[in-house]
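Novice: Attaching a single structure in structure tokens format; questions to follow.
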Amino acid sequence: MSNTKKVLMKGNEAFAEAAILGGCRYYFGYPITPQNEIPEYMSRVLPKRGGHFIQAESEISAINMAYGAGAAGGRVFITSSSPGIALMQEGMSFLCSAEVPCVILTVSRCGPGIGGIQPGQADYFQATRGGGNGDYKIPVFAPSTVQEGADLVYESMALADKYQNPILIFTDGLLGQMMEPVALPEPVVDIKSTDIREHKPWALTGYWDDDKKRNTVISLRLQPERLEEHIHKLFARYEQAEKELTRVETVGIEDADVVLVAFGTMARIVKEAIDMLAAQGIKAGLIRPISLWPFPYATFDKLTDKTKVVISAELSMGQMIQDVKLGVKDRFPVKLLNRTGGMIPTSLEITERTAAILKEIGG
Amino acid sequence: MIDADFFKDFGRKTIITGHYGSGKTEFAVSLAMLTAEIEKNQNIALIDLDVVNPYFRSREKRDMLEKAGISVYGSLFTEEITAELPALGATVRAPLEDKNSRVIVDLGGNDTGALIINQFAKYFQDSDTITVAVVNANRPDTQTVENTLEHIKSIEKITELKVTGIVNNTHLLSETTVADIIKGHKLCSDLCKTTNRKLMCSCYPKGLIDPKDLNEIPEPLMPLGLYLRPSWLM
């Protein structure tokens, strides 16, 4: 295979560049490790590509700047890491309520609190359940390579517009900091500010010339009848998202003795462990959810009676395991294999612990 | 191949600079390990001055390096390798003061990461110091002679050091081909010819590329082990 089109990029750089190629022209950010290369890249590169970079005074400001720029029809990308994403939760609920598109990327680290700067996946609930108020959902994609992350950021710039809703990309510190070869996509055609009205007829573009009509973007709806109607409108869209955005990768699940479920960085370590288990005569499969919401519950129906146990492998005290149990529907025992606090298991550790779990349940 | 003469060109003190992601740290660790292997009776010190990068730092390989007889100096918070505090311990000066130590300095990425070295300027004024820039022609910002030179100049400006040597470390990790290394060699030798710098060596990933396939490169070829990447990240 020819490598001529590939370049070596740090995850954070590739995500920033992919957002620009996907049409991002507005970026608002506040520094936090391990995602600082993104605002650094955007501050340097975005203005040269016809876009605007503003260093916000906090994450709360950044998401509200995104709310404003998105409402005016701009293509917005914002990023942060775990505690910073926590601060943005209120804004995410507002963006959903007001139907404002935006792509948000988290380069997850460890909590709780200020925690640590090493990678973690303990923001699964934060990402999939959210901390904002009210009935809302945000599609969440969790890449496991720099290439997949760049592709998902690029695609999500258009998906956010399509669903008129924020899209969240869930990466972790390792993906943000690692270098990998990347083939970057072609730039999308830029929407000129004079053409926004045509592409986004709901956006705030001032008075329409002929009949003094103007749009409003609101989150406050005081009449219960109208609010209920509005929420049903949002949920019709979420139902469509569940049909269209569920994504999953599987490896050898049909005749596996044990099926591991893992996303992001953890899925990469599990893949190596699967080969090591095969060498010991244990047939292990992998379900890698790429979309965390909508979660690929239906994939679990493909598991056969040959499977003895399903293991949720996570860099947390066990959060995704709740969705895994919903998918398994009591057909198999579900166990947790985890490290937390920024500790990353080796593939050997996963191999040994998987073999031990199998033995424990008498497999 | 690599022999004792190879190391002479790198001086007693080698400062390793470059774009972040160029492979500075892998080069620094490999250079230290090779020096320890070939120049057996030397005191070798690896000084990790990378205070801008939170992950993949050379001090994370402290145990392996110390086992090979290499002393590792770096952040004041040596036990807290994940602390993001730009603080250096006074012990960093010890190998710089010791005229018998072979010193390898792994500087942080770009000009911003390199700034920290200024506080040690007095140790690097002599002819025993060689400053090299590691170049990966597959990085988006160092693909032409002009870009690469601009990059080197920004590091020189902020550190007040003269980058006299260039290390070709052109790779795409496990996807690296002979053509990548040759492409990087051409870029680096063009850069060296037009700016009167020395092409120190070209690196190749150990076990992936056969150095025999790189015959057309006249300068030394240095095998690079990927010490900082876990196997599942290959």
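A note on labels: chains of the structure tokens are A, B, ... as shown, every chain counts residues from 1, and ligands are counted from 1 in their shown order.
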Give me the residues of range 79-182 of chain B that have any atom at most 12 Å from an atom of range 18-31 of chain B; for each, the nearest atom pair and the distance in Å, rounded to one decimal. Use only C-alpha atoms, sort by chain and number, and format it as a Markdown table.

Specialist:
| residue | atom | partner | partner_atom | distance |
| --- | --- | --- | --- | --- |
| B:Arg102 | CA | B:Leu31 | CA | 11.2 |
| B:Val103 | CA | B:Ala28 | CA | 10.5 |
| B:Ile104 | CA | B:Ala28 | CA | 6.9 |
| B:Val105 | CA | B:Ala28 | CA | 7.5 |
| B:Asp106 | CA | B:Ala28 | CA | 6.1 |
| B:Leu107 | CA | B:Lys24 | CA | 7.8 |
| B:Gly108 | CA | B:Tyr20 | CA | 7.2 |
| B:Gly109 | CA | B:Tyr20 | CA | 3.9 |
| B:Asn110 | CA | B:His19 | CA | 4.8 |
| B:Asp111 | CA | B:His19 | CA | 8.2 |
| B:Thr112 | CA | B:Tyr20 | CA | 10.1 |
| B:Gly113 | CA | B:Tyr20 | CA | 8.5 |
| B:Ala114 | CA | B:Gly18 | CA | 8.8 |
| B:Thr131 | CA | B:Gly18 | CA | 10.3 |
| B:Val132 | CA | B:Gly18 | CA | 8.0 |
| B:Ala133 | CA | B:Gly18 | CA | 4.9 |
| B:Val134 | CA | B:Gly18 | CA | 5.0 |
| B:Val135 | CA | B:Ser22 | CA | 5.7 |
| B:Asn136 | CA | B:Ser22 | CA | 5.1 |
| B:Ala137 | CA | B:Ser22 | CA | 8.6 |
| B:Asn138 | CA | B:Ser22 | CA | 8.8 |
| B:Arg139 | CA | B:Ser22 | CA | 7.1 |
| B:Pro140 | CA | B:His19 | CA | 10.3 |
| B:Asp141 | CA | B:His19 | CA | 8.2 |
| B:Thr142 | CA | B:His19 | CA | 8.0 |
| B:Gln143 | CA | B:Ser22 | CA | 11.6 |
| B:Asn147 | CA | B:His19 | CA | 11.0 |
| B:Thr148 | CA | B:His19 | CA | 9.0 |
| B:Leu149 | CA | B:Gly18 | CA | 10.9 |
| B:Glu150 | CA | B:His19 | CA | 11.1 |
| B:His151 | CA | B:His19 | CA | 7.4 |
| B:Ile152 | CA | B:Gly18 | CA | 7.3 |
| B:Lys153 | CA | B:Gly18 | CA | 10.7 |
| B:Ser154 | CA | B:Gly18 | CA | 10.3 |
| B:Ile155 | CA | B:Gly18 | CA | 7.9 |
| B:Glu156 | CA | B:Gly18 | CA | 10.5 |
| B:Val163 | CA | B:Gly18 | CA | 9.9 |
| B:Gly165 | CA | B:Gly18 | CA | 11.3 |
| B:Ile166 | CA | B:Gly18 | CA | 9.5 |
| B:Val167 | CA | B:Phe27 | CA | 9.0 |
| B:Asn168 | CA | B:Ser22 | CA | 9.5 |
| B:Asn169 | CA | B:Gly23 | CA | 6.9 |
| B:Thr170 | CA | B:Ser22 | CA | 8.0 |
| B:His171 | CA | B:Gly23 | CA | 9.0 |
| B:Leu172 | CA | B:Ser22 | CA | 10.6 |
| B:Leu173 | CA | B:Gly23 | CA | 10.1 |

Novice: Take the selection from the previous step and output its residues with C-alpha atoms, as a PDB file, in the first residue's frame.

Specialist:
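Output contents, as saved in part.pdb:
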ATOM      1  CA  ARG B 102      28.402  11.756  28.464  1.00  0.00           C
ATOM      2  CA  VAL B 103      25.220  13.834  28.451  1.00  0.00           C
ATOM      3  CA  ILE B 104      22.161  13.478  26.232  1.00  0.00           C
ATOM      4  CA  VAL B 105      19.538  16.191  26.616  1.00  0.00           C
ATOM      5  CA  ASP B 106      15.994  15.412  25.445  1.00  0.00           C
ATOM      6  CA  LEU B 107      14.407  18.802  24.929  1.00  0.00           C
ATOM      7  CA  GLY B 108      10.655  19.451  24.699  1.00  0.00           C
ATOM      8  CA  GLY B 109       8.953  19.864  21.353  1.00  0.00           C
ATOM      9  CA  ASN B 110       9.016  22.998  19.196  1.00  0.00           C
ATOM     10  CA  ASP B 111      10.423  26.357  20.282  1.00  0.00           C
ATOM     11  CA  THR B 112       8.099  26.594  23.292  1.00  0.00           C
ATOM     12  CA  GLY B 113       9.275  23.268  24.676  1.00  0.00           C
ATOM     13  CA  ALA B 114      12.914  24.154  24.027  1.00  0.00           C
ATOM     14  CA  THR B 131      22.819  20.495  19.046  1.00  0.00           C
ATOM     15  CA  VAL B 132      20.881  18.351  16.618  1.00  0.00           C
ATOM     16  CA  ALA B 133      17.372  18.581  15.198  1.00  0.00           C
ATOM     17  CA  VAL B 134      15.383  15.411  14.602  1.00  0.00           C
ATOM     18  CA  VAL B 135      13.350  15.599  11.391  1.00  0.00           C
ATOM     19  CA  ASN B 136      10.458  13.396  10.315  1.00  0.00           C
ATOM     20  CA  ALA B 137       9.506  14.307   6.742  1.00  0.00           C
ATOM     21  CA  ASN B 138       6.133  12.624   7.295  1.00  0.00           C
ATOM     22  CA  ARG B 139       5.112  15.266   9.835  1.00  0.00           C
ATOM     23  CA  PRO B 140       2.860  17.859   8.166  1.00  0.00           C
ATOM     24  CA  ASP B 141       5.008  20.842   9.215  1.00  0.00           C
ATOM     25  CA  THR B 142       8.406  19.486   8.147  1.00  0.00           C
ATOM     26  CA  GLN B 143       7.861  18.248   4.609  1.00  0.00           C
ATOM     27  CA  ASN B 147       9.301  24.627   6.435  1.00  0.00           C
ATOM     28  CA  THR B 148      11.892  22.531   8.195  1.00  0.00           C
ATOM     29  CA  LEU B 149      14.427  25.339   8.170  1.00  0.00           C
ATOM     30  CA  GLU B 150      11.852  27.792   9.491  1.00  0.00           C
ATOM     31  CA  HIS B 151      11.161  25.363  12.282  1.00  0.00           C
ATOM     32  CA  ILE B 152      14.838  24.899  13.153  1.00  0.00           C
ATOM     33  CA  LYS B 153      15.367  28.654  13.117  1.00  0.00           C
ATOM     34  CA  SER B 154      12.530  29.216  15.579  1.00  0.00           C
ATOM     35  CA  ILE B 155      14.175  26.735  17.960  1.00  0.00           C
ATOM     36  CA  GLU B 156      17.590  28.401  17.460  1.00  0.00           C
ATOM     37  CA  VAL B 163      21.598  23.499  15.405  1.00  0.00           C
ATOM     38  CA  GLY B 165      23.399  18.484  13.017  1.00  0.00           C
ATOM     39  CA  ILE B 166      20.318  16.966  11.429  1.00  0.00           C
ATOM     40  CA  VAL B 167      18.959  13.501  12.188  1.00  0.00           C
ATOM     41  CA  ASN B 168      16.689  11.983   9.547  1.00  0.00           C
ATOM     42  CA  ASN B 169      14.013  10.117  11.465  1.00  0.00           C
ATOM     43  CA  THR B 170      11.381   9.838   8.755  1.00  0.00           C
ATOM     44  CA  HIS B 171       8.875   7.138   9.610  1.00  0.00           C
ATOM     45  CA  LEU B 172       5.199   6.177   9.752  1.00  0.00           C
ATOM     46  CA  LEU B 173       5.562   3.848  12.743  1.00  0.00           C
TER      47      LEU B 173
END

Novice: Write out as JSON, numbers by chain all residues of range 58-141 of chain A that backbone DSSP assigns to helix (DSSP H, G or I).

Specialist: {"A": [59, 60, 61, 62, 63, 64, 65, 66, 67, 68, 69, 70, 71, 82, 83, 84, 85, 86, 87, 89, 90, 91, 92, 93, 94, 95, 96, 97, 98, 124, 125, 126, 127, 128]}

Novice: Can I get the residues of chain A within 7 Å of chain B, each with the closest pair of atoms and their distance in Å to one decimal, using only C-alpha atoms, sorted chain first then ascending number, as a tab-separated table?

Specialist:
residue	atom	partner	partner_atom	distance
A:Val7	CA	B:Asn138	CA	5.0
A:Leu8	CA	B:Arg139	CA	5.1
A:Met9	CA	B:Arg139	CA	6.5
A:Lys10	CA	B:Gly21	CA	7.0
A:Pro34	CA	B:Pro54	CA	7.0
A:Ile117	CA	B:Thr82	CA	6.9
A:Gln177	CA	B:Tyr55	CA	6.7
A:Met179	CA	B:Gly21	CA	6.8
A:Pro181	CA	B:Leu172	CA	5.7
A:Arg268	CA	B:Trp232	CA	6.2
A:Ile269	CA	B:Trp232	CA	5.5
A:Glu272	CA	B:Trp232	CA	6.1

Novice: Could the residues in this selection be written to a file with C-alpha atoms, as a JSON list (two decimals), in the first residue's frame?

Specialist:
[["chain", "number", "residue", "atom", "x", "y", "z"],
["A", 7, "VAL", "CA", 1.15, 11.92, 7.40],
["A", 8, "LEU", "CA", 2.19, 11.25, 10.97],
["A", 9, "MET", "CA", 0.06, 13.25, 13.37],
["A", 10, "LYS", "CA", -0.64, 13.46, 17.05],
["A", 34, "PRO", "CA", -4.43, 16.31, 27.72],
["A", 117, "ILE", "CA", -4.04, 13.74, 33.66],
["A", 177, "GLN", "CA", -1.40, 12.21, 22.72],
["A", 179, "MET", "CA", 1.18, 9.69, 17.07],
["A", 181, "PRO", "CA", -0.28, 7.68, 10.42],
["A", 268, "ARG", "CA", -6.96, -1.89, 21.23],
["A", 269, "ILE", "CA", -5.42, -3.63, 24.21],
["A", 272, "GLU", "CA", -3.98, -7.94, 21.34]]

Novice: From the list A:Thr304, A:Gln223, A:Gln164, A:Thr340, which residue is nearest Gln118 in chain A when using only C-alpha atoms?

Specialist: A:Thr340

Novice: Compile the contact shell of Leu214 in chain B as a PDB file with N, CA, C and O atoms, in the first residue's frame: residues with an atom at most 10 Å away, counting only C-alpha atoms, same-chain residues fewer than 6 positions apart removed.

Specialist:
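Saved result, selection_20.pdb, follows:
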ATOM      1  N   VAL B 178      10.959   1.695   3.129  1.00  0.00           N
ATOM      2  CA  VAL B 178      12.286   2.163   2.701  1.00  0.00           C
ATOM      3  C   VAL B 178      12.131   3.519   1.997  1.00  0.00           C
ATOM      4  O   VAL B 178      12.930   4.444   2.202  1.00  0.00           O
ATOM      5  N   ALA B 179      11.056   3.637   1.195  1.00  0.00           N
ATOM      6  CA  ALA B 179      10.833   4.883   0.445  1.00  0.00           C
ATOM      7  C   ALA B 179      10.665   6.087   1.377  1.00  0.00           C
ATOM      8  O   ALA B 179      11.107   7.190   1.063  1.00  0.00           O
ATOM      9  N   ILE B 181      12.125   6.524   4.292  1.00  0.00           N
ATOM     10  CA  ILE B 181      13.438   6.894   4.836  1.00  0.00           C
ATOM     11  C   ILE B 181      14.272   7.610   3.770  1.00  0.00           C
ATOM     12  O   ILE B 181      14.934   8.604   4.041  1.00  0.00           O
ATOM     13  N   ILE B 182      14.179   7.097   2.525  1.00  0.00           N
ATOM     14  CA  ILE B 182      14.915   7.721   1.414  1.00  0.00           C
ATOM     15  C   ILE B 182      14.375   9.137   1.166  1.00  0.00           C
ATOM     16  O   ILE B 182      15.137  10.082   0.952  1.00  0.00           O
ATOM     17  N   SER B 202      20.713   8.597   9.448  1.00  0.00           N
ATOM     18  CA  SER B 202      19.304   8.307   9.162  1.00  0.00           C
ATOM     19  C   SER B 202      18.895   7.150  10.067  1.00  0.00           C
ATOM     20  O   SER B 202      19.647   6.194  10.241  1.00  0.00           O
ATOM     21  N   TYR B 204      16.286   4.015  11.232  1.00  0.00           N
ATOM     22  CA  TYR B 204      15.316   3.056  10.694  1.00  0.00           C
ATOM     23  C   TYR B 204      14.751   2.239  11.851  1.00  0.00           C
ATOM     24  O   TYR B 204      15.425   1.982  12.837  1.00  0.00           O
ATOM     25  N   LEU B 221      23.643   4.665   9.484  1.00  0.00           N
ATOM     26  CA  LEU B 221      22.243   4.271   9.699  1.00  0.00           C
ATOM     27  C   LEU B 221      22.108   3.845  11.152  1.00  0.00           C
ATOM     28  O   LEU B 221      22.893   3.045  11.651  1.00  0.00           O
TER      29      LEU B 221
END

Novice: With only C-alpha atoms as the counted atoms, please give the residues lying no more than 10 Å from range 14-22 of chain A, apart from itself and same-chain residues fewer than 4 positions off, as a short mmCIF file (atom, residue, chain, number, x, y, z; two decimals) with N, CA, C and O atoms, in the first residue's frame.

Specialist:
data_model
loop_
_atom_site.label_atom_id
_atom_site.label_comp_id
_atom_site.auth_asym_id
_atom_site.auth_seq_id
_atom_site.Cartn_x
_atom_site.Cartn_y
_atom_site.Cartn_z
N VAL A 7 0.20 11.13 6.61
CA VAL A 7 1.15 11.92 7.40
C VAL A 7 1.10 11.38 8.83
O VAL A 7 0.15 10.70 9.22
N LEU A 8 2.15 11.69 9.59
CA LEU A 8 2.19 11.25 10.97
C LEU A 8 1.69 12.40 11.84
O LEU A 8 2.26 13.49 11.81
N MET A 9 0.62 12.16 12.56
CA MET A 9 0.06 13.25 13.37
C MET A 9 -0.26 12.77 14.77
O MET A 9 -0.59 11.61 15.00
N LYS A 10 -0.18 13.71 15.69
CA LYS A 10 -0.64 13.46 17.05
C LYS A 10 -2.16 13.48 17.00
O LYS A 10 -2.74 14.29 16.27
N TYR A 26 -15.40 28.04 13.46
CA TYR A 26 -15.44 28.70 14.77
C TYR A 26 -14.98 27.71 15.83
O TYR A 26 -15.52 26.60 15.93
N TYR A 27 -13.97 28.10 16.59
CA TYR A 27 -13.48 27.26 17.67
C TYR A 27 -13.31 28.13 18.91
O TYR A 27 -12.68 29.20 18.84
N GLU A 37 -3.12 20.52 22.66
CA GLU A 37 -2.64 20.70 21.28
C GLU A 37 -3.77 21.15 20.36
O GLU A 37 -3.52 21.70 19.30
N ILE A 38 -5.03 20.90 20.76
CA ILE A 38 -6.15 21.29 19.88
C ILE A 38 -6.32 22.82 19.86
O ILE A 38 -6.25 23.42 18.79
N PRO A 39 -6.54 23.46 21.02
CA PRO A 39 -6.62 24.94 20.97
C PRO A 39 -5.33 25.57 20.42
O PRO A 39 -5.40 26.57 19.70
N GLU A 40 -4.20 24.94 20.72
CA GLU A 40 -2.92 25.48 20.21
C GLU A 40 -2.92 25.45 18.68
O GLU A 40 -2.58 26.42 18.02
N TYR A 41 -3.35 24.31 18.12
CA TYR A 41 -3.41 24.14 16.66
C TYR A 41 -4.42 25.11 16.06
O TYR A 41 -4.15 25.77 15.06
N MET A 42 -5.59 25.17 16.68
CA MET A 42 -6.66 26.04 16.16
C MET A 42 -6.24 27.51 16.19
O MET A 42 -6.52 28.26 15.26
N VAL A 45 -3.73 27.77 13.21
CA VAL A 45 -4.11 27.38 11.84
C VAL A 45 -5.47 27.93 11.41
O VAL A 45 -5.63 28.39 10.27
N LEU A 46 -6.46 27.91 12.32
CA LEU A 46 -7.84 28.25 11.90
C LEU A 46 -7.96 29.65 11.29
O LEU A 46 -8.63 29.81 10.25
N ARG A 49 -7.25 29.79 7.70
CA ARG A 49 -8.16 29.04 6.84
C ARG A 49 -9.54 29.70 6.82
O ARG A 49 -10.55 29.04 6.55
N GLY A 50 -9.59 30.96 7.15
CA GLY A 50 -10.85 31.69 7.08
C GLY A 50 -11.74 31.51 8.29
O GLY A 50 -12.92 31.84 8.26
N GLY A 51 -11.19 30.99 9.38
CA GLY A 51 -12.00 30.75 10.57
C GLY A 51 -11.63 31.68 11.72
O GLY A 51 -10.81 32.59 11.56
N ARG A 75 -20.36 26.84 11.66
CA ARG A 75 -19.96 25.46 11.98
C ARG A 75 -18.94 25.52 13.11
O ARG A 75 -17.84 26.03 12.96
N VAL A 76 -19.34 24.97 14.26
CA VAL A 76 -18.56 25.14 15.50
C VAL A 76 -18.01 23.81 15.99
O VAL A 76 -18.70 22.79 15.95
N PHE A 77 -16.77 23.86 16.46
CA PHE A 77 -16.11 22.71 17.08
C PHE A 77 -15.54 23.18 18.40
O PHE A 77 -14.89 24.24 18.44
N ILE A 78 -15.84 22.49 19.48
CA ILE A 78 -15.21 22.82 20.76
C ILE A 78 -14.67 21.56 21.40
O ILE A 78 -15.16 20.46 21.12
N THR A 79 -13.65 21.72 22.22
CA THR A 79 -13.02 20.56 22.84
C THR A 79 -12.67 20.86 24.29
O THR A 79 -12.52 22.02 24.67
N VAL A 103 -20.08 20.35 17.27
CA VAL A 103 -19.32 19.12 17.53
C VAL A 103 -18.43 19.38 18.74
O VAL A 103 -17.69 20.36 18.79
N LEU A 105 -15.66 17.60 21.43
CA LEU A 105 -14.75 16.47 21.58
C LEU A 105 -14.15 16.49 22.97
O LEU A 105 -13.68 17.53 23.43
N VAL A 146 -6.37 7.07 15.82
CA VAL A 146 -6.32 8.47 15.42
C VAL A 146 -7.07 8.66 14.10
O VAL A 146 -7.83 9.61 13.93
N GLN A 147 -6.90 7.69 13.18
CA GLN A 147 -7.59 7.77 11.89
C GLN A 147 -9.11 7.78 12.09
O GLN A 147 -9.82 8.61 11.53
N GLU A 148 -9.59 6.86 12.90
CA GLU A 148 -11.04 6.78 13.12
C GLU A 148 -11.55 8.05 13.79
O GLU A 148 -12.63 8.56 13.46
N GLY A 149 -10.75 8.58 14.72
CA GLY A 149 -11.14 9.83 15.39
C GLY A 149 -11.24 10.98 14.41
O GLY A 149 -12.22 11.75 14.42
N ALA A 150 -10.25 11.10 13.53
CA ALA A 150 -10.27 12.18 12.54
C ALA A 150 -11.48 12.02 11.61
O ALA A 150 -12.18 12.99 11.32
N ASP A 151 -11.74 10.78 11.17
CA ASP A 151 -12.88 10.54 10.28
C ASP A 151 -14.20 10.88 10.96
O ASP A 151 -15.10 11.45 10.34
N LEU A 152 -14.33 10.52 12.25
CA LEU A 152 -15.59 10.77 12.96
C LEU A 152 -15.80 12.26 13.23
O LEU A 152 -16.92 12.76 13.16
N VAL A 153 -14.71 12.99 13.53
CA VAL A 153 -14.84 14.44 13.74
C VAL A 153 -15.32 15.09 12.43
O VAL A 153 -16.25 15.89 12.41
N TYR A 154 -14.67 14.68 11.34
CA TYR A 154 -14.99 15.23 10.01
C TYR A 154 -16.46 14.97 9.67
O TYR A 154 -17.20 15.89 9.31
N GLU A 155 -16.88 13.73 9.83
CA GLU A 155 -18.25 13.36 9.49
C GLU A 155 -19.26 14.04 10.41
O GLU A 155 -20.35 14.46 9.99
N SER A 156 -18.88 14.19 11.69
CA SER A 156 -19.81 14.75 12.67
C SER A 156 -20.11 16.22 12.41
O SER A 156 -21.16 16.72 12.82
N MET A 157 -19.20 16.93 11.75
CA MET A 157 -19.48 18.33 11.43
C MET A 157 -20.77 18.41 10.59
O MET A 157 -21.58 19.30 10.80
N ALA A 158 -20.94 17.45 9.68
CA ALA A 158 -22.16 17.42 8.85
C ALA A 158 -23.34 16.80 9.61
O ALA A 158 -24.47 17.26 9.48
N ILE A 169 -17.71 13.54 20.56
CA ILE A 169 -16.68 12.53 20.24
C ILE A 169 -15.93 12.26 21.54
O ILE A 169 -15.37 13.17 22.13
N GLY A 176 -5.45 11.14 22.25
CA GLY A 176 -5.10 12.53 21.98
C GLY A 176 -3.61 12.74 21.86
O GLY A 176 -3.14 13.56 21.06
N MET A 179 0.92 9.37 18.47
CA MET A 179 1.18 9.69 17.07
C MET A 179 0.77 8.47 16.25
O MET A 179 1.08 7.35 16.62
N GLU A 180 0.07 8.73 15.12
CA GLU A 180 -0.25 7.63 14.21
C GLU A 180 -0.33 8.15 12.79
O GLU A 180 -0.60 9.34 12.57
N PRO A 181 -0.10 7.26 11.82
CA PRO A 181 -0.28 7.68 10.42
C PRO A 181 -1.75 7.97 10.15
O PRO A 181 -2.61 7.22 10.59
N VAL A 182 -2.00 9.06 9.44
CA VAL A 182 -3.38 9.45 9.14
C VAL A 182 -3.49 9.87 7.67
O VAL A 182 -2.63 10.59 7.17
N ALA A 183 -4.55 9.42 7.00
CA ALA A 183 -4.88 9.94 5.68
C ALA A 183 -6.02 10.93 5.91
O ALA A 183 -7.09 10.54 6.39
N LEU A 184 -5.80 12.18 5.61
CA LEU A 184 -6.81 13.20 5.89
C LEU A 184 -7.82 13.30 4.75
O LEU A 184 -7.47 13.11 3.59
N PRO A 185 -9.08 13.58 5.09
CA PRO A 185 -10.11 13.69 4.05
C PRO A 185 -10.01 15.00 3.27
O PRO A 185 -9.29 15.93 3.68
N GLU A 186 -10.74 15.07 2.18
CA GLU A 186 -10.79 16.29 1.37
C GLU A 186 -11.59 17.37 2.10
O GLU A 186 -12.56 17.05 2.78
N PRO A 187 -11.22 18.64 1.94
CA PRO A 187 -12.02 19.69 2.60
C PRO A 187 -13.42 19.79 2.00
O PRO A 187 -13.58 19.65 0.80
N VAL A 188 -14.42 20.02 2.86
CA VAL A 188 -15.77 20.23 2.33
C VAL A 188 -15.87 21.66 1.79
O VAL A 188 -15.06 22.52 2.13
N VAL A 189 -16.86 21.87 0.93
CA VAL A 189 -17.04 23.20 0.36
C VAL A 189 -17.54 24.14 1.47
O VAL A 189 -18.50 23.83 2.19
N ASP A 190 -16.85 25.23 1.65
CA ASP A 190 -17.17 26.18 2.70
C ASP A 190 -18.51 26.87 2.42
O ASP A 190 -18.77 27.28 1.29
#

Novice: List the spatial neighbours of Gly285 in chain A as a ChimeraX atom specification - criterion: any atom at most 6 Å away, only C-alpha atoms, same-chain residues fewer than 3 positions off excluded.

Specialist: /A:251-253,256,259

Novice: Could you tell me how far CA of Met88 in chain A sits from CA of Ile191 in chain A, in Å to one decimal place?

Specialist: 27.0 Å

Novice: I'd like the neighbourhood of Arg237 in chain A as a PyMOL selection string, where a residue qualifies if any of its atoms comes within 12 Å (using only C-alpha atoms), though same-chain residues fewer than 5 positions away should be ignored.

Specialist: chain A and resi 96+99+136-139+160+162-165+230-232+242-245

Novice: Please report, as a ChimeraX atom specification, each residue of range 128-165 of chain B to which DSSP assigns strand (DSSP E) when run on this structure's backbone.

Specialist: /B:129-135,163-165

Novice: Please dump the current selection as a CSV table (one decimal), in the first residue's frame; keep all heavy atoms.

Specialist:
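Final file, part-v4.csv:
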chain,number,residue,atom,x,y,z
B,129,THR,N,29.6,20.7,22.9
B,129,THR,CA,28.2,20.6,22.8
B,129,THR,C,27.8,20.5,21.4
B,129,THR,O,28.2,21.4,20.6
B,129,THR,CB,27.5,21.8,23.5
B,129,THR,OG1,27.9,21.8,24.9
B,129,THR,CG2,26.0,21.6,23.4
B,130,ILE,N,27.0,19.5,21.0
B,130,ILE,CA,26.4,19.5,19.7
B,130,ILE,C,24.9,19.5,19.8
B,130,ILE,O,24.3,18.7,20.6
B,130,ILE,CB,26.8,18.1,19.0
B,130,ILE,CG1,28.3,18.0,18.9
B,130,ILE,CG2,26.2,18.0,17.6
B,130,ILE,CD1,29.0,18.9,17.9
B,131,THR,N,24.3,20.4,19.0
B,131,THR,CA,22.8,20.5,19.0
B,131,THR,C,22.3,19.9,17.7
B,131,THR,O,22.7,20.4,16.7
B,131,THR,CB,22.3,22.0,19.2
B,131,THR,OG1,23.0,22.5,20.4
B,131,THR,CG2,20.8,22.0,19.4
B,132,VAL,N,21.4,18.9,17.8
B,132,VAL,CA,20.9,18.4,16.6
B,132,VAL,C,19.4,18.5,16.6
B,132,VAL,O,18.7,18.7,17.6
B,132,VAL,CB,21.2,16.8,16.5
B,132,VAL,CG1,22.7,16.6,16.5
B,132,VAL,CG2,20.5,16.0,17.6
B,133,ALA,N,18.8,18.5,15.4
B,133,ALA,CA,17.4,18.6,15.2
B,133,ALA,C,16.9,17.3,14.6
B,133,ALA,O,17.5,16.8,13.6
B,133,ALA,CB,17.0,19.8,14.3
B,134,VAL,N,15.9,16.6,15.2
B,134,VAL,CA,15.4,15.4,14.6
B,134,VAL,C,14.3,15.8,13.6
B,134,VAL,O,13.4,16.6,14.0
B,134,VAL,CB,14.8,14.5,15.7
B,134,VAL,CG1,14.2,13.2,15.2
B,134,VAL,CG2,16.0,14.2,16.7
B,135,VAL,N,14.3,15.2,12.4
B,135,VAL,CA,13.3,15.6,11.4
B,135,VAL,C,12.6,14.4,10.9
B,135,VAL,O,13.2,13.4,10.5
B,135,VAL,CB,14.1,16.3,10.2
B,135,VAL,CG1,13.1,16.5,9.0
B,135,VAL,CG2,14.7,17.6,10.6
B,163,VAL,N,21.8,24.9,15.8
B,163,VAL,CA,21.6,23.5,15.4
B,163,VAL,C,22.6,23.2,14.3
B,163,VAL,O,22.4,23.7,13.2
B,163,VAL,CB,20.1,23.3,14.9
B,163,VAL,CG1,20.0,21.9,14.4
B,163,VAL,CG2,19.2,23.5,16.1
B,164,THR,N,23.6,22.3,14.6
B,164,THR,CA,24.6,22.0,13.6
B,164,THR,C,24.4,20.7,12.9
B,164,THR,O,24.9,20.4,11.9
B,164,THR,CB,26.0,22.1,14.2
B,164,THR,OG1,26.0,21.2,15.3
B,164,THR,CG2,26.4,23.5,14.7
B,165,GLY,N,23.6,19.8,13.6
B,165,GLY,CA,23.4,18.5,13.0
B,165,GLY,C,21.9,18.2,12.8
B,165,GLY,O,21.1,18.7,13.5

Novice: Can you list, as a PyMOL selection string, every protein, DNA or RNA residue that comes within 12 Å of Lys122 in chain B when you count only C-alpha atoms, leaving out same-chain residues fewer than 6 positions away?

Specialist: chain B and resi 93+96-97+129+159-161
